[in-house]
Structure formats: structure tokens, C-alpha cells
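Single-structure report; data block below.
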Amino acid sequence: MFRRREGKIEAFDSGNTTDARLEVIFDRIISMLREDAIERTGCTLGELMDDRGWTKSIIPCTKQANNTDCGVFTCVNMFCELFGLNKDLVTQDRADCFRKKIGVCVMNGIIC
């Protein structure tokens, strides 16, 4: 999961993605932003904002212990980052609880 703010693109990686793979993903995100800017506004991204000096970084996340809980871990890590909560509480043994909580929130149209 990625977020962009103030000239930064930040990745939330709950897996163990290699640096080389993340670089490819970062480049694709920037390319998508450029294409989207032209489609939505008719202007290039560079005309809308300075896109040359963007920094790329990885936000520290707790890691999942399997290959199936990436969505749960990413969402909960982002929630913790947003609200300044301790990410050490995001553990594999709590994944089912987090998954249920996310499901209830989505079904009820609320943000936890």
C-alpha cells in the first residue's frame, strides 16, 4: 500500500519485498500518477506539481508470518501509523481478530 504526501511516496510493506521490487513498484506508481493527471485535467503532473524531487521511503511495518494476511497487516499498520498507535501490537496471532474488525467496519460503512 502506498501514500503520497508533500513530495513523498511511502510504501507500507508487511511482507518482505526486495528493494529492487519496491523500486519497480515506486516507478509504476509515479507513472500511474502522471497518466491520471493527464486523463483528469489535461495537464501533465509536472504542470500540476513538481514531481521531480519526490522521495521514496518504506514505512516500518510489522510483518506477517504467512503469504495470505498482507491486506490485513497493511490496513492495520496504516491505521496505527495514522493514529500514532504502537505497531508492535499487530501480530500474526491477532490477524483473525483484525480481519473480522475490518470486515464489520466495511460492511457497516464506517472507519474503525
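Starting from 1 in every chain, residues are counted up; chains themselves are A, B, ... following the order of the C-alpha cells, and ligands are numbered from 1 as listed.
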
Please return as a list in words: the residues of chain A that backbone DSSP assigns to strand (DSSP E or B).
Phe2, Arg3, Arg4, Arg5, Lys8, Ile9, Glu10, Ala11, Phe12, Thr55, Lys56, Ser57, Ile58 and Ile59 of chain A

So which residues of chain A fall under helix (DSSP H, G or I) by DSSP, listed as a count of residues only?
61

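The smallest atom-to-atom distance between Thr91 (chain A) and any of A:Cys43, A:Met32, A:Met107, A:Val76, using only C-alpha atoms, is found for A:Val76.
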
Polymer residues at most 10 Å from Phe12 (chain A), only C-alpha atoms, same-chain spacing of 4 or more positions, as a list in words:
Met1, Phe2, Arg3, Ser57, Ile58, Ile59, Pro60, Cys61, Thr62, Phe73, Thr74, Cys75, Asn77, Met78 and Glu81 of chain A

Generate a file of the selected residues that holds N, CA and C atoms, formatted as a tab-separated table (two decimals), in the first residue's frame.
chain	number	residue	atom	x	y	z
A	1	MET	N	0.85	-1.16	0.00
A	1	MET	CA	0.00	0.00	0.00
A	1	MET	C	0.90	1.22	0.00
A	2	PHE	N	0.47	2.25	-0.73
A	2	PHE	CA	1.27	3.45	-0.87
A	2	PHE	C	0.47	4.67	-0.48
A	3	ARG	N	1.17	5.70	-0.04
A	3	ARG	CA	0.54	7.00	0.14
A	3	ARG	C	1.51	8.06	-0.36
A	57	SER	N	10.15	6.15	0.31
A	57	SER	CA	10.56	5.54	1.56
A	57	SER	C	9.63	4.40	1.94
A	58	ILE	N	10.14	3.55	2.79
A	58	ILE	CA	9.38	2.42	3.30
A	58	ILE	C	9.02	2.74	4.75
A	59	ILE	N	7.73	2.66	5.07
A	59	ILE	CA	7.28	2.88	6.44
A	59	ILE	C	7.48	1.56	7.20
A	60	PRO	N	8.13	1.60	8.36
A	60	PRO	CA	8.31	0.36	9.12
A	60	PRO	C	6.96	-0.25	9.49
A	61	CYS	N	6.81	-1.52	9.20
A	61	CYS	CA	5.57	-2.26	9.48
A	61	CYS	C	5.90	-3.56	10.18
A	62	THR	N	4.94	-4.03	10.97
A	62	THR	CA	5.09	-5.39	11.48
A	62	THR	C	4.86	-6.34	10.31
A	73	PHE	N	-2.58	-6.97	7.46
A	73	PHE	CA	-1.43	-6.33	8.10
A	73	PHE	C	-1.20	-4.91	7.56
A	74	THR	N	-1.35	-4.73	6.27
A	74	THR	CA	-1.14	-3.40	5.69
A	74	THR	C	-2.18	-2.42	6.23
A	75	CYS	N	-3.45	-2.82	6.23
A	75	CYS	CA	-4.51	-1.93	6.72
A	75	CYS	C	-4.30	-1.57	8.19
A	77	ASN	N	-1.47	-1.75	9.96
A	77	ASN	CA	-0.26	-0.93	10.10
A	77	ASN	C	-0.53	0.52	9.71
A	78	MET	N	-1.30	0.72	8.63
A	78	MET	CA	-1.63	2.09	8.21
A	78	MET	C	-2.51	2.78	9.25
A	81	GLU	N	-0.26	3.83	12.04
A	81	GLU	CA	0.54	4.98	11.61
A	81	GLU	C	-0.29	6.26	11.65

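CA of Phe26 (chain A) lies 8.3 Å from CA of Ala11 (chain A).
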
When you count only C-alpha atoms, which of these residues is closest to Asp93 (chain A): A:Cys105, A:Ala20, A:Ala65, A:Ile25?
A:Ala65

Selection: 12 Å around Lys101 (chain A), only C-alpha atoms, excl. self and same-chain fewer than 2 positions, as number ranges by chain
A: 72, 75-76, 94-99, 103-108, 110-112

Could the residues in this selection be saved with C-alpha atoms as a compact mmCIF listing (two decimals), in the first residue's frame?
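Result file is result_0.txt:
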# COMPACT_ATOMS: atom_id res chain seq x y z
CA VAL A 72 -4.94 -7.23 6.96
CA CYS A 75 -4.51 -1.93 6.72
CA VAL A 76 -3.82 -2.30 10.44
CA ARG A 94 -4.29 -11.34 16.20
CA ALA A 95 -4.79 -11.41 12.41
CA ASP A 96 -8.19 -13.14 12.59
CA CYS A 97 -9.47 -10.55 15.07
CA PHE A 98 -8.25 -7.70 12.86
CA ARG A 99 -9.77 -9.33 9.77
CA GLY A 103 -14.97 -6.78 7.74
CA VAL A 104 -17.52 -5.39 10.22
CA CYS A 105 -16.35 -1.83 9.52
CA VAL A 106 -16.53 -2.30 5.74
CA MET A 107 -19.98 -3.90 5.92
CA ASN A 108 -21.26 -1.03 8.08
CA ILE A 110 -17.51 3.04 8.92
CA ILE A 111 -13.84 3.67 9.53
CA CYS A 112 -12.63 1.94 12.68

Who sits within 10 Å of Glu35 (chain A), only C-alpha atoms, same chain under 6 positions skipped, as a ChimeraX atom specification:
/A:29,42-45

Output C-alpha atoms for every residue in that selection, as a PDB file, in the first residue's frame.
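So the final result, stored in out_35.pdb, reads:
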ATOM      1  CA  ILE A  29       3.048   4.408  -9.083  1.00  0.00           C
ATOM      2  CA  GLY A  42      -5.452  17.543 -19.429  1.00  0.00           C
ATOM      3  CA  CYS A  43      -2.279  18.786 -17.737  1.00  0.00           C
ATOM      4  CA  THR A  44       0.895  16.886 -17.059  1.00  0.00           C
ATOM      5  CA  LEU A  45       1.764  16.020 -13.480  1.00  0.00           C
TER       6      LEU A  45
END

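Distances here use only C-alpha atoms; by that measure, the residue among A:Asp13, A:Arg40, A:Lys56, A:Leu89 closest to Asp27 (chain A) is A:Lys56.
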